[in-house]
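Take a look at the structure set out below.
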Amino acid sequence: MIDLSKVEYYVIALMSNGQQLRLDEVAENIAWEENESELAIRLNLTLRDIPYGNGRLADVIALCTAVYLYADWGEGQQEIFRGMVWEWQHSQIHDDEIILTCYDLLFYLQKSKDFFYFSKGKSTRSIISNILSTWAITLGGYDGPNVAHEKITYKNKTIASMLNETLDEAKKLGGGKAFIRAVKGAVYVVAYGSNSPVYHFSADMNLIQTSDKFSMVNLVTRVIIMGKEDDEGRPSVETSISGRTEYGILQDIQTMGSLTLEEAKAKAQDVLDEKGDPKRTIKLTSPDFPAVRKGDLIYVTTDRLLGFFHVKGISHNATTMTMQMEVEPA
């Protein structure tokens, strides 16, 4: 049994001269999150601008300052985050606060665009390795799908979207579900639910609040495929694909353009695969435990929830000692 009340956090800033500063000692807020739609971890820090040297702390904490977050839950200090300051804000109204937004190295891939071409037959691992090596990023480990792909052309897309689309396509081709994570300055492709141990969250033990919501606001139950227009500009309906029409007709349109009918039908089916069921949103709030990360498998026990779930996204707050997870059935 882990005593979450005894978890300790350490935030270190590494100066260009090699000097290390303990920022947690002057931190008013320490929070970090891993969002479902983003590769990079975001670390938010609010610091007191205390006197430092011949000036103040704000004089030495600048953009591109390296920042490390560590946590100890009884197994020694573990590195949780390694990145740098991307946004710097100072306020003289609220007790001279410094507000920092930090990201890990994957943020470069979210903000940078490129072009890549891969011939038919390239494996998932080969494609991802090639993209990362072009950007001089170390692939520390690979535990994702590794299937043969059709020809791929990426034009003017962010590196992050290329990596995500490659893994999504691999899943459609029969590979497992995986995501990308930065650990200690390297990039890892991680299979969903591959963590060990699997932690248990229970309503009578370590859950503060739960929420289980169903919504059909963005539901699509039918997609019609539109063909070419006639001389008067009227498009023809080639066919339609229906999903869960018991919820009523909620219709989307897929235009063929240069696609064949089979290709257009495949894209229409992708829409139904993504939006064809009511969206379920499950959120759990618990005391903070920094070992839990996006993509982890957890076990949940409440009045309504029982079983294994994947963590889709997670936000930690070391100041309030709480965390919130969005999860989905495994």
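By order in the structure tokens, chains are A, B, ...; within a chain, residues start at 1; ligands start at 1, following the order shown.
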
Selection: 9 Å around range 205-209 of chain A, only C-alpha atoms, excl. self and same-chain fewer than 5 positions, as a list in words: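 The residues that qualify are His200, Lys283, Leu284, Thr285, Ser286, Pro287, Thr302 and Thr322 of chain A.
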
All helix (DSSP H, G or I) residues (DSSP, backbone) inside range 68-252 of chain A, as a ChimeraX atom specification: /A:106-111,124-134,159-172,245-247

Residue with smallest distance to Leu23 in chain A - pool A:Met256, A:Ile50, A:Ala186, A:Ala203, counting only C-alpha atoms: A:Ile50

Contact residues around Arg82 in chain A with only C-alpha atoms at 8 Å, ignoring same-chain residues under 4 positions, as a PyMOL selection string: chain A and resi 66-69+103-105+183-185

Write a file of the just-selected residues containing N, CA, C and O atoms, as an mmCIF file, in the first residue's frame.
```
data_model
loop_
_atom_site.group_PDB
_atom_site.id
_atom_site.type_symbol
_atom_site.label_atom_id
_atom_site.label_comp_id
_atom_site.auth_asym_id
_atom_site.auth_seq_id
_atom_site.Cartn_x
_atom_site.Cartn_y
_atom_site.Cartn_z
ATOM 1 N N ALA A 66 16.265 24.952 -18.789
ATOM 2 C CA ALA A 66 15.942 23.538 -18.606
ATOM 3 C C ALA A 66 15.303 23.322 -17.241
ATOM 4 O O ALA A 66 15.781 23.837 -16.223
ATOM 5 N N VAL A 67 14.196 22.559 -17.219
ATOM 6 C CA VAL A 67 13.448 22.311 -15.981
ATOM 7 C C VAL A 67 13.203 20.811 -15.844
ATOM 8 O O VAL A 67 12.846 20.129 -16.818
ATOM 9 N N TYR A 68 13.408 20.300 -14.628
ATOM 10 C CA TYR A 68 13.189 18.891 -14.330
ATOM 11 C C TYR A 68 12.209 18.775 -13.163
ATOM 12 O O TYR A 68 12.290 19.535 -12.193
ATOM 13 N N LEU A 69 11.290 17.826 -13.254
ATOM 14 C CA LEU A 69 10.371 17.527 -12.158
ATOM 15 C C LEU A 69 10.619 16.103 -11.696
ATOM 16 O O LEU A 69 10.644 15.163 -12.513
ATOM 17 N N TYR A 103 7.391 22.653 -21.601
ATOM 18 C CA TYR A 103 7.035 21.467 -22.378
ATOM 19 C C TYR A 103 8.262 20.575 -22.531
ATOM 20 O O TYR A 103 9.402 21.062 -22.518
ATOM 21 N N ASP A 104 8.014 19.280 -22.734
ATOM 22 C CA ASP A 104 9.127 18.384 -23.009
ATOM 23 C C ASP A 104 9.507 18.467 -24.481
ATOM 24 O O ASP A 104 8.925 19.233 -25.263
ATOM 25 N N LEU A 105 10.488 17.662 -24.901
ATOM 26 C CA LEU A 105 11.049 17.793 -26.254
ATOM 27 C C LEU A 105 10.036 17.514 -27.365
ATOM 28 O O LEU A 105 10.216 17.953 -28.510
ATOM 29 N N VAL A 183 10.708 10.259 -22.411
ATOM 30 C CA VAL A 183 11.231 9.832 -21.110
ATOM 31 C C VAL A 183 12.728 10.121 -21.078
ATOM 32 O O VAL A 183 13.487 9.599 -21.904
ATOM 33 N N LYS A 184 13.143 10.980 -20.167
ATOM 34 C CA LYS A 184 14.555 11.272 -19.933
ATOM 35 C C LYS A 184 15.298 11.650 -21.211
ATOM 36 O O LYS A 184 16.405 11.186 -21.483
ATOM 37 N N GLY A 185 14.666 12.475 -22.028
ATOM 38 C CA GLY A 185 15.328 13.004 -23.200
ATOM 39 C C GLY A 185 15.287 12.121 -24.429
ATOM 40 O O GLY A 185 15.897 12.455 -25.453
#
```

Polymer residues at most 12 Å from Ile2 in chain A, only C-alpha atoms, same-chain spacing of 5 or more positions, as JSON, numbers by chain: {"A": [7, 72, 73, 74, 75, 199, 200, 205, 206, 287, 288, 289, 290, 291]}

Just to be explicit: take each residue in the selection above, keep N, CA, C and O atoms, and write the result as a compact mmCIF listing (two decimals), in the first residue's frame.
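Once everything was written out, this is out25.txt:
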```txt
# COMPACT_ATOMS: atom_id res chain seq x y z
N VAL A 7 3.88 11.60 -0.64
CA VAL A 7 4.55 11.84 -1.91
C VAL A 7 5.25 13.20 -1.86
O VAL A 7 4.67 14.19 -1.43
N ASP A 72 8.91 11.44 -5.42
CA ASP A 72 9.31 10.29 -4.60
C ASP A 72 8.09 9.80 -3.85
O ASP A 72 7.52 10.53 -3.04
N TRP A 73 7.63 8.56 -4.16
CA TRP A 73 6.50 7.96 -3.45
C TRP A 73 6.93 6.73 -2.66
O TRP A 73 6.18 5.81 -2.44
N GLY A 74 8.19 6.78 -2.20
CA GLY A 74 8.72 5.70 -1.39
C GLY A 74 9.67 4.79 -2.12
O GLY A 74 10.18 3.83 -1.53
N GLU A 75 9.96 5.09 -3.37
CA GLU A 75 10.86 4.26 -4.17
C GLU A 75 12.05 5.07 -4.68
O GLU A 75 12.67 4.71 -5.68
N TYR A 199 -2.43 -0.10 -11.19
CA TYR A 199 -2.91 0.47 -9.92
C TYR A 199 -4.44 0.41 -9.85
O TYR A 199 -5.14 0.52 -10.85
N HIS A 200 -4.92 0.25 -8.62
CA HIS A 200 -6.35 0.09 -8.35
C HIS A 200 -6.90 1.38 -7.74
O HIS A 200 -6.35 1.91 -6.77
N MET A 205 -11.65 3.88 -1.23
CA MET A 205 -10.25 3.89 -0.82
C MET A 205 -9.52 5.15 -1.29
O MET A 205 -8.97 5.90 -0.47
N ASN A 206 -9.50 5.42 -2.59
CA ASN A 206 -8.64 6.50 -3.09
C ASN A 206 -9.27 7.29 -4.24
O ASN A 206 -8.55 7.89 -5.04
N PRO A 287 -6.47 11.44 -5.02
CA PRO A 287 -5.21 12.02 -4.55
C PRO A 287 -4.13 11.81 -5.60
O PRO A 287 -4.13 10.80 -6.31
N ASP A 288 -3.23 12.76 -5.72
CA ASP A 288 -2.24 12.67 -6.79
C ASP A 288 -1.27 11.53 -6.57
O ASP A 288 -0.77 11.30 -5.47
N PHE A 289 -1.01 10.81 -7.66
CA PHE A 289 0.00 9.76 -7.67
C PHE A 289 0.78 9.91 -8.96
O PHE A 289 0.31 9.55 -10.04
N PRO A 290 1.99 10.46 -8.91
CA PRO A 290 2.72 10.84 -10.12
C PRO A 290 3.13 9.67 -11.01
O PRO A 290 3.53 9.89 -12.15
N ALA A 291 3.04 8.44 -10.51
CA ALA A 291 3.43 7.30 -11.33
C ALA A 291 2.41 6.99 -12.43
O ALA A 291 2.73 6.32 -13.41
```

For range 263-272 of chain A, list every protein, DNA or RNA residue within 8 Å, evaluated using only C-alpha atoms, and leave out those in the same chain fewer than 2 positions away; present the list as a PDB file with N, CA and C atoms, in the first residue's frame.
```
ATOM      1  N   VAL A 220     -22.983  10.732 -35.429  1.00  0.00           N
ATOM      2  CA  VAL A 220     -23.298  10.583 -36.853  1.00  0.00           C
ATOM      3  C   VAL A 220     -23.849   9.179 -37.056  1.00  0.00           C
ATOM      4  N   THR A 221     -25.031   9.083 -37.640  1.00  0.00           N
ATOM      5  CA  THR A 221     -25.649   7.769 -37.839  1.00  0.00           C
ATOM      6  C   THR A 221     -25.789   7.392 -39.310  1.00  0.00           C
ATOM      7  N   ARG A 222     -25.539   8.346 -40.218  1.00  0.00           N
ATOM      8  CA  ARG A 222     -25.579   8.018 -41.646  1.00  0.00           C
ATOM      9  C   ARG A 222     -24.642   8.945 -42.410  1.00  0.00           C
ATOM     10  N   VAL A 223     -23.919   8.367 -43.364  1.00  0.00           N
ATOM     11  CA  VAL A 223     -23.046   9.150 -44.235  1.00  0.00           C
ATOM     12  C   VAL A 223     -23.459   8.875 -45.676  1.00  0.00           C
ATOM     13  N   ILE A 224     -23.792   9.944 -46.402  1.00  0.00           N
ATOM     14  CA  ILE A 224     -24.108   9.768 -47.816  1.00  0.00           C
ATOM     15  C   ILE A 224     -22.884  10.154 -48.645  1.00  0.00           C
ATOM     16  N   ILE A 225     -22.684   9.438 -49.726  1.00  0.00           N
ATOM     17  CA  ILE A 225     -21.527   9.653 -50.594  1.00  0.00           C
ATOM     18  C   ILE A 225     -22.001  10.340 -51.862  1.00  0.00           C
ATOM     19  N   ILE A 241     -24.070   4.977 -46.202  1.00  0.00           N
ATOM     20  CA  ILE A 241     -23.720   3.974 -45.206  1.00  0.00           C
ATOM     21  C   ILE A 241     -24.385   4.378 -43.899  1.00  0.00           C
ATOM     22  N   GLY A 243     -25.333   3.751 -39.765  1.00  0.00           N
ATOM     23  CA  GLY A 243     -24.853   3.195 -38.511  1.00  0.00           C
ATOM     24  C   GLY A 243     -26.011   2.986 -37.559  1.00  0.00           C
ATOM     25  N   GLN A 254     -19.867  12.638 -47.473  1.00  0.00           N
ATOM     26  CA  GLN A 254     -18.532  12.365 -47.987  1.00  0.00           C
ATOM     27  C   GLN A 254     -18.554  12.565 -49.500  1.00  0.00           C
ATOM     28  N   THR A 255     -17.774  13.528 -49.979  1.00  0.00           N
ATOM     29  CA  THR A 255     -17.700  13.753 -51.425  1.00  0.00           C
ATOM     30  C   THR A 255     -16.625  12.859 -52.022  1.00  0.00           C
ATOM     31  N   MET A 256     -16.895  12.360 -53.239  1.00  0.00           N
ATOM     32  CA  MET A 256     -15.956  11.446 -53.870  1.00  0.00           C
ATOM     33  C   MET A 256     -14.737  12.180 -54.409  1.00  0.00           C
ATOM     34  N   LEU A 259     -11.691  10.317 -55.540  1.00  0.00           N
ATOM     35  CA  LEU A 259     -11.682   8.993 -54.927  1.00  0.00           C
ATOM     36  C   LEU A 259     -12.528   8.018 -55.744  1.00  0.00           C
ATOM     37  N   THR A 260     -12.183   6.747 -55.635  1.00  0.00           N
ATOM     38  CA  THR A 260     -13.066   5.719 -56.166  1.00  0.00           C
ATOM     39  C   THR A 260     -14.210   5.541 -55.182  1.00  0.00           C
ATOM     40  N   LEU A 261     -15.256   4.840 -55.620  1.00  0.00           N
ATOM     41  CA  LEU A 261     -16.390   4.622 -54.734  1.00  0.00           C
ATOM     42  C   LEU A 261     -15.970   3.843 -53.503  1.00  0.00           C
ATOM     43  N   GLU A 274     -15.536   6.667 -35.921  1.00  0.00           N
ATOM     44  CA  GLU A 274     -15.124   7.700 -34.975  1.00  0.00           C
ATOM     45  C   GLU A 274     -16.304   8.324 -34.239  1.00  0.00           C
ATOM     46  N   LYS A 275     -17.426   8.537 -34.958  1.00  0.00           N
ATOM     47  CA  LYS A 275     -18.542   9.297 -34.389  1.00  0.00           C
ATOM     48  C   LYS A 275     -19.852   8.520 -34.370  1.00  0.00           C
ATOM     49  N   GLY A 276     -19.794   7.232 -34.634  1.00  0.00           N
ATOM     50  CA  GLY A 276     -21.012   6.458 -34.795  1.00  0.00           C
ATOM     51  C   GLY A 276     -21.647   5.950 -33.522  1.00  0.00           C
ATOM     52  N   ASP A 277     -21.052   6.211 -32.378  1.00  0.00           N
ATOM     53  CA  ASP A 277     -21.625   5.818 -31.091  1.00  0.00           C
ATOM     54  C   ASP A 277     -21.719   7.038 -30.192  1.00  0.00           C
TER      55      ASP A 277
END
```

Atom pair CA of Leu14 in chain A / CA of Glu79 in chain A: separation (Å): 14.3 Å

Nearest candidate to Met323 in chain A (options A:Lys155, A:Pro197, A:Pro235, A:Leu4; using only C-alpha atoms): A:Leu4

Range 81-245 of chain A: residues DSSP assigns to strand (DSSP E or B), reported as number ranges by chain: A: 81-91, 97-104, 113-118, 123, 139-142, 148, 152-158, 178-183, 186-191, 199-202, 209-215, 222-229, 235-242

Selection near range 115-129 of chain A, 8 Å with only C-alpha atoms, sequence-local residues under 2 positions removed, as a list in words: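 So, after excluding close chain neighbours, the residues are Lys113, Ile131, Leu132, Ser133, Leu139, Tyr142, Gly144, Pro145, Asn146, Val147, Ala148, His149, Glu150, Lys151, Ile152, Thr153, Tyr154, Lys155, Asn156, Lys157, Leu163, Thr166, Leu167 and Ala170 of chain A.
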
Option closest in space to Ile282 in chain A, from A:Leu47, A:Ile137, A:Val311, A:Ala62 [counting only C-alpha atoms]: A:Val311

Distance of CA of Gly193 in chain A from CA of Phe309 in chain A, expressed in Å to one decimal place: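 Going from CA of Phe309 in chain A over to CA of Gly193 in chain A, I get 8.5 Å.
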
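Residue neighbourhood of Glu33 in chain A, excluding near-sequence residues (fewer than 4 positions): A:Ile41, A:Arg42, A:Leu43, A:Gly313, A:Ile314, A:Ser315, A:His316, at 8 Å, using only C-alpha atoms.
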
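In terms of minimum interatomic distance to Ser194 in chain A, A:Ala330 ranks closest within A:Ile12, A:Leu305, A:Ala330, A:Leu57, counting only C-alpha atoms.
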
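Across the model, the gap from CA of Lys228 in chain A to CA of Ser240 in chain A is 15.0 Å.
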
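Of the listed residues (A:Thr281, A:Thr46, A:Gln20, A:Gln78), A:Thr46 comes nearest to Trp32 in chain A; the distances count only C-alpha atoms.
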
Residue among A:Leu39, A:Ile99, A:Val217, A:Val85 lying closest to Ile159 in chain A, counting only C-alpha atoms: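 Closest residue, counting only C-alpha atoms: A:Leu39.
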